[in-house]
Amino acid sequence: MNTKTIYQPNTGLTDRDFTYCPGCTHGIIHKLIGEVLVEKGLIDQAIGVASVGCSVLSYEFFNCDMQQAAHGRAPAVATGIKRVRPESAVFTYQGDGDLASIGLAEVVHAAHRGENMTVIFVNNAIYGMTGGQMAPTTLIDQKTTTSPIGRKKVGAGEPIRVSEMLAAVPGATYLERVSVHDPKHIRKAKKAIEKAFDVQMSKQGFSMIEFISTCPINWGMNPNDSLNWAVENMIPYYPLGVYKDATKEGGDE
């Protein structure tokens, strides 16, 4: 009897079970990155830089060399790695508390220098690991442990839109915001990751993929409701799409 392989384990990830909370989309994002690295033949030359926050655990799950960075410093660490190992596929894996707060300067300057790296930015609008505090990306009127009556524009300002901000940086080459709330968008997200690594490996400069993600536990929702909340509340403020494409074949958008 002839058999056909429909699915096989993702060798871009280790055999460890994920330790993320139920319904968290870090696992989906990890899976996509692992698949892309394997399918592009990059897994053996990939070096990831883990940030601080829930994503700190990513070094347990990616089946490639991983480096831990201090809070917010992943782009700076990745800069050093890429300059010493220019043939490697270097990426950072960062949450919004890490990248959009303490590490904002690092990512802006890495983009400004046009560092030939890929940044994976997971935006769930909250500090997840430390108990659900307000993040730079927390939405107006969104309740957190440090904004129990909701974030207010007066005093806290508007939530930071990182992709839009970096689109104004001359050194940035490719920026796209994606989501993983349903199969259609998961497929689109994978294509964005593929493009980002293509940009890096063809030496065209800095790329970042921003993921709209969920945090069911700190949002106080079940996984399904958290996906719906992200679609109804986060995506209208953080629209999906390509924010800059200055690749040789794409032109600046």
# chains A, B, ... in the order shown; residues from 1 in each chain; ligands from 1
$ residues_around --residues "segment 235-246 of chain A" --least-positions-apart "5" --cutoff "8 Å" --atoms "only C-alpha atoms" --output "count of residues only"
17
$ closest_atom_pairs --of "segment 80-101 of chain A" --to "segment 47-64 of chain A" --cutoff "9 Å" --atoms "only C-alpha atoms" --output "CSV"
residue,atom,partner,partner_atom,distance
A:Ile81,CA,A:Ile47,CA,8.2
A:Lys82,CA,A:Ile47,CA,8.9
A:Ser88,CA,A:Ile47,CA,6.7
A:Ala89,CA,A:Ile47,CA,6.1
A:Val90,CA,A:Ile47,CA,4.9
A:Phe91,CA,A:Gly48,CA,4.9
A:Thr92,CA,A:Val49,CA,4.6
A:Tyr93,CA,A:Ala50,CA,5.4
A:Gln94,CA,A:Ser51,CA,5.3
A:Gly95,CA,A:Ser55,CA,6.4
A:Gly97,CA,A:Gly53,CA,7.4
A:Asp98,CA,A:Val52,CA,6.3
A:Leu99,CA,A:Ser51,CA,8.4
$ select_by_dssp --residues "segment 166-250 of chain A" --states "helix (DSSP H, G or I)" --output "PyMOL selection string"
chain A and resi 166+183-201+216-219+223-237
$ write_last_selection --atoms "N, CA and C atoms" --output "mmCIF file, in the first residue's frame"
data_model
loop_
_atom_site.group_PDB
_atom_site.id
_atom_site.type_symbol
_atom_site.label_atom_id
_atom_site.label_comp_id
_atom_site.auth_asym_id
_atom_site.auth_seq_id
_atom_site.Cartn_x
_atom_site.Cartn_y
_atom_site.Cartn_z
ATOM 1 N N LEU A 166 9.176 52.803 12.353
ATOM 2 C CA LEU A 166 10.392 52.361 11.666
ATOM 3 C C LEU A 166 10.312 52.559 10.157
ATOM 4 N N PRO A 183 -6.228 30.465 10.039
ATOM 5 C CA PRO A 183 -5.336 29.810 9.071
ATOM 6 C C PRO A 183 -4.905 30.712 7.916
ATOM 7 N N LYS A 184 -5.820 31.510 7.392
ATOM 8 C CA LYS A 184 -5.479 32.401 6.284
ATOM 9 C C LYS A 184 -4.355 33.350 6.676
ATOM 10 N N HIS A 185 -4.479 33.953 7.837
ATOM 11 C CA HIS A 185 -3.456 34.907 8.268
ATOM 12 C C HIS A 185 -2.170 34.217 8.710
ATOM 13 N N ILE A 186 -2.268 32.984 9.186
ATOM 14 C CA ILE A 186 -1.070 32.213 9.515
ATOM 15 C C ILE A 186 -0.248 31.973 8.250
ATOM 16 N N ARG A 187 -0.916 31.641 7.152
ATOM 17 C CA ARG A 187 -0.203 31.431 5.884
ATOM 18 C C ARG A 187 0.454 32.726 5.407
ATOM 19 N N LYS A 188 -0.255 33.837 5.548
ATOM 20 C CA LYS A 188 0.331 35.126 5.163
ATOM 21 C C LYS A 188 1.531 35.468 6.038
ATOM 22 N N ALA A 189 1.433 35.142 7.325
ATOM 23 C CA ALA A 189 2.531 35.421 8.244
ATOM 24 C C ALA A 189 3.777 34.642 7.859
ATOM 25 N N LYS A 190 3.586 33.405 7.445
ATOM 26 C CA LYS A 190 4.740 32.594 7.040
ATOM 27 C C LYS A 190 5.430 33.193 5.818
ATOM 28 N N LYS A 191 4.650 33.672 4.878
ATOM 29 C CA LYS A 191 5.238 34.300 3.691
ATOM 30 C C LYS A 191 6.034 35.554 4.076
ATOM 31 N N ALA A 192 5.537 36.286 5.075
ATOM 32 C CA ALA A 192 6.262 37.477 5.524
ATOM 33 C C ALA A 192 7.601 37.099 6.142
ATOM 34 N N ILE A 193 7.618 36.025 6.939
ATOM 35 C CA ILE A 193 8.876 35.563 7.528
ATOM 36 C C ILE A 193 9.844 35.131 6.433
ATOM 37 N N GLU A 194 9.339 34.422 5.447
ATOM 38 C CA GLU A 194 10.180 33.998 4.329
ATOM 39 C C GLU A 194 10.820 35.207 3.645
ATOM 40 N N LYS A 195 10.010 36.221 3.400
ATOM 41 C CA LYS A 195 10.510 37.428 2.746
ATOM 42 C C LYS A 195 11.580 38.102 3.607
ATOM 43 N N ALA A 196 11.340 38.169 4.911
ATOM 44 C CA ALA A 196 12.299 38.835 5.797
ATOM 45 C C ALA A 196 13.661 38.148 5.762
ATOM 46 N N PHE A 197 13.663 36.821 5.793
ATOM 47 C CA PHE A 197 14.947 36.117 5.731
ATOM 48 C C PHE A 197 15.570 36.206 4.338
ATOM 49 N N ASP A 198 14.748 36.270 3.301
ATOM 50 C CA ASP A 198 15.288 36.474 1.957
ATOM 51 C C ASP A 198 16.005 37.818 1.874
ATOM 52 N N VAL A 199 15.412 38.834 2.470
ATOM 53 C CA VAL A 199 16.032 40.165 2.488
ATOM 54 C C VAL A 199 17.391 40.094 3.175
ATOM 55 N N GLN A 200 17.418 39.431 4.320
ATOM 56 C CA GLN A 200 18.682 39.333 5.054
ATOM 57 C C GLN A 200 19.733 38.545 4.283
ATOM 58 N N MET A 201 19.358 37.376 3.780
ATOM 59 C CA MET A 201 20.354 36.511 3.147
ATOM 60 C C MET A 201 20.813 37.039 1.795
ATOM 61 N N PRO A 216 -4.094 35.550 26.629
ATOM 62 C CA PRO A 216 -5.381 35.223 27.264
ATOM 63 C C PRO A 216 -5.374 35.344 28.784
ATOM 64 N N ILE A 217 -4.298 34.906 29.426
ATOM 65 C CA ILE A 217 -4.260 34.914 30.892
ATOM 66 C C ILE A 217 -4.322 36.334 31.426
ATOM 67 N N ASN A 218 -3.439 37.199 30.949
ATOM 68 C CA ASN A 218 -3.403 38.566 31.461
ATOM 69 C C ASN A 218 -4.530 39.437 30.911
ATOM 70 N N TRP A 219 -5.104 39.043 29.789
ATOM 71 C CA TRP A 219 -6.283 39.741 29.293
ATOM 72 C C TRP A 219 -7.546 39.285 30.034
ATOM 73 N N PRO A 223 -8.934 31.407 25.326
ATOM 74 C CA PRO A 223 -8.172 31.561 24.086
ATOM 75 C C PRO A 223 -8.994 32.043 22.898
ATOM 76 N N ASN A 224 -10.202 31.500 22.728
ATOM 77 C CA ASN A 224 -11.012 31.899 21.581
ATOM 78 C C ASN A 224 -11.426 33.363 21.676
ATOM 79 N N ASP A 225 -11.856 33.786 22.866
ATOM 80 C CA ASP A 225 -12.252 35.181 23.046
ATOM 81 C C ASP A 225 -11.065 36.126 22.849
ATOM 82 N N SER A 226 -9.877 35.677 23.232
ATOM 83 C CA SER A 226 -8.701 36.538 23.067
ATOM 84 C C SER A 226 -8.380 36.753 21.589
ATOM 85 N N LEU A 227 -8.562 35.718 20.772
ATOM 86 C CA LEU A 227 -8.354 35.878 19.331
ATOM 87 C C LEU A 227 -9.349 36.877 18.759
ATOM 88 N N ASN A 228 -10.612 36.743 19.170
ATOM 89 C CA ASN A 228 -11.631 37.678 18.694
ATOM 90 C C ASN A 228 -11.340 39.100 19.161
ATOM 91 N N TRP A 229 -10.853 39.237 20.400
ATOM 92 C CA TRP A 229 -10.533 40.570 20.930
ATOM 93 C C TRP A 229 -9.408 41.207 20.130
ATOM 94 N N ALA A 230 -8.414 40.404 19.767
ATOM 95 C CA ALA A 230 -7.297 40.925 18.975
ATOM 96 C C ALA A 230 -7.790 41.436 17.626
ATOM 97 N N VAL A 231 -8.678 40.673 16.992
ATOM 98 C CA VAL A 231 -9.217 41.077 15.690
ATOM 99 C C VAL A 231 -10.055 42.343 15.813
ATOM 100 N N GLU A 232 -10.877 42.410 16.831
ATOM 101 C CA GLU A 232 -11.826 43.517 16.982
ATOM 102 C C GLU A 232 -11.204 44.790 17.548
ATOM 103 N N ASN A 233 -10.126 44.644 18.307
ATOM 104 C CA ASN A 233 -9.556 45.805 18.991
ATOM 105 C C ASN A 233 -8.127 46.140 18.578
ATOM 106 N N MET A 234 -7.264 45.134 18.449
ATOM 107 C CA MET A 234 -5.871 45.417 18.130
ATOM 108 C C MET A 234 -5.658 45.735 16.659
ATOM 109 N N ILE A 235 -6.223 44.916 15.782
ATOM 110 C CA ILE A 235 -5.963 45.114 14.352
ATOM 111 C C ILE A 235 -6.496 46.455 13.837
ATOM 112 N N PRO A 236 -7.648 46.966 14.320
ATOM 113 C CA PRO A 236 -8.048 48.304 13.868
ATOM 114 C C PRO A 236 -7.028 49.391 14.219
ATOM 115 N N TYR A 237 -6.355 49.253 15.372
ATOM 116 C CA TYR A 237 -5.346 50.245 15.755
ATOM 117 C C TYR A 237 -3.988 49.922 15.149
#
$ closest_residue --among "A:Ile126, A:Gly12, A:His112, A:Thr118" --to "Leu42 of chain A" --atoms "only C-alpha atoms"
A:Gly12
$ atom_distance --atom1 "atom CA of His26 of chain A" --atom2 "atom CA of Cys215 of chain A"
9.5 Å
$ closest_residue --among "A:Thr145, A:Arg151, A:Pro170, A:Arg73" --to "Arg113 of chain A" --atoms "only C-alpha atoms"
A:Pro170
$ atom_distance --atom1 "atom CA of Asp182 of chain A" --atom2 "atom CA of Leu32 of chain A"
13.5 Å
$ select_by_dssp --residues "segment 1-248 of chain A" --states "strand (DSSP E)" --output "PyMOL selection string"
chain A and resi 46-50+65-68+89-95+118-123+172-179+206-212+241-245
$ residues_around --residues "Glu106 of chain A" --least-positions-apart "4" --cutoff "8 Å" --atoms "only C-alpha atoms" --output "compact mmCIF listing (two decimals) with C-alpha atoms, in the first residue's frame"
# COMPACT_ATOMS: atom_id res chain seq x y z
CA GLY A 72 15.84 45.22 25.26
CA ARG A 73 19.36 44.67 23.96
CA ALA A 74 18.69 41.90 21.45
CA PRO A 75 19.24 44.09 18.34
CA ALA A 76 22.58 45.27 19.75
CA ALA A 110 19.80 48.89 14.27
$ closest_residue --among "A:Cys24, A:Ile29, A:Met134, A:Met165" --to "Leu104 of chain A" --atoms "only C-alpha atoms"
A:Met165
$ decode --residues "segment 154-214 of chain A" --atoms "C-alpha atoms" --output "compact mmCIF listing (two decimals), in the first residue's frame"
# COMPACT_ATOMS: atom_id res chain seq x y z
CA VAL A 154 -3.54 61.99 29.18
CA GLY A 155 -0.55 60.79 31.15
CA ALA A 156 0.17 57.62 29.15
CA GLY A 157 -0.07 58.92 25.59
CA GLU A 158 -1.15 56.94 22.54
CA PRO A 159 0.05 53.33 22.09
CA ILE A 160 3.27 53.14 20.07
CA ARG A 161 2.98 51.87 16.50
CA VAL A 162 6.45 50.43 15.95
CA SER A 163 6.12 49.38 12.30
CA GLU A 164 4.84 52.81 11.28
CA MET A 165 7.64 54.48 13.21
CA LEU A 166 10.39 52.36 11.67
CA ALA A 167 8.94 52.90 8.19
CA ALA A 168 10.34 56.46 8.45
CA VAL A 169 13.85 55.16 9.16
CA PRO A 170 15.96 55.28 5.97
CA GLY A 171 18.00 52.18 6.83
CA ALA A 172 15.00 49.85 7.22
CA THR A 173 14.41 47.65 4.18
CA TYR A 174 11.38 45.47 4.87
CA LEU A 175 8.65 45.92 7.50
CA GLU A 176 5.39 44.00 7.70
CA ARG A 177 2.71 43.55 10.36
CA VAL A 178 0.90 40.21 10.41
CA SER A 179 -1.43 38.19 12.62
CA VAL A 180 -1.93 34.50 13.40
CA HIS A 181 -5.58 34.54 14.48
CA ASP A 182 -6.79 32.18 11.72
CA PRO A 183 -5.34 29.81 9.07
CA LYS A 184 -5.48 32.40 6.28
CA HIS A 185 -3.46 34.91 8.27
CA ILE A 186 -1.07 32.21 9.51
CA ARG A 187 -0.20 31.43 5.88
CA LYS A 188 0.33 35.13 5.16
CA ALA A 189 2.53 35.42 8.24
CA LYS A 190 4.74 32.59 7.04
CA LYS A 191 5.24 34.30 3.69
CA ALA A 192 6.26 37.48 5.52
CA ILE A 193 8.88 35.56 7.53
CA GLU A 194 10.18 34.00 4.33
CA LYS A 195 10.51 37.43 2.75
CA ALA A 196 12.30 38.84 5.80
CA PHE A 197 14.95 36.12 5.73
CA ASP A 198 15.29 36.47 1.96
CA VAL A 199 16.03 40.16 2.49
CA GLN A 200 18.68 39.33 5.05
CA MET A 201 20.35 36.51 3.15
CA SER A 202 20.48 38.60 -0.04
CA LYS A 203 22.26 41.29 2.03
CA GLN A 204 19.58 43.91 1.52
CA GLY A 205 19.50 45.10 5.12
CA PHE A 206 17.17 45.36 8.08
CA SER A 207 13.83 43.54 8.19
CA MET A 208 11.19 43.27 10.90
CA ILE A 209 7.99 41.26 11.10
CA GLU A 210 5.52 42.45 13.73
CA PHE A 211 2.98 39.89 14.95
CA ILE A 212 -0.35 40.80 16.50
CA SER A 213 -0.49 38.25 19.30
CA THR A 214 -2.66 37.37 22.31
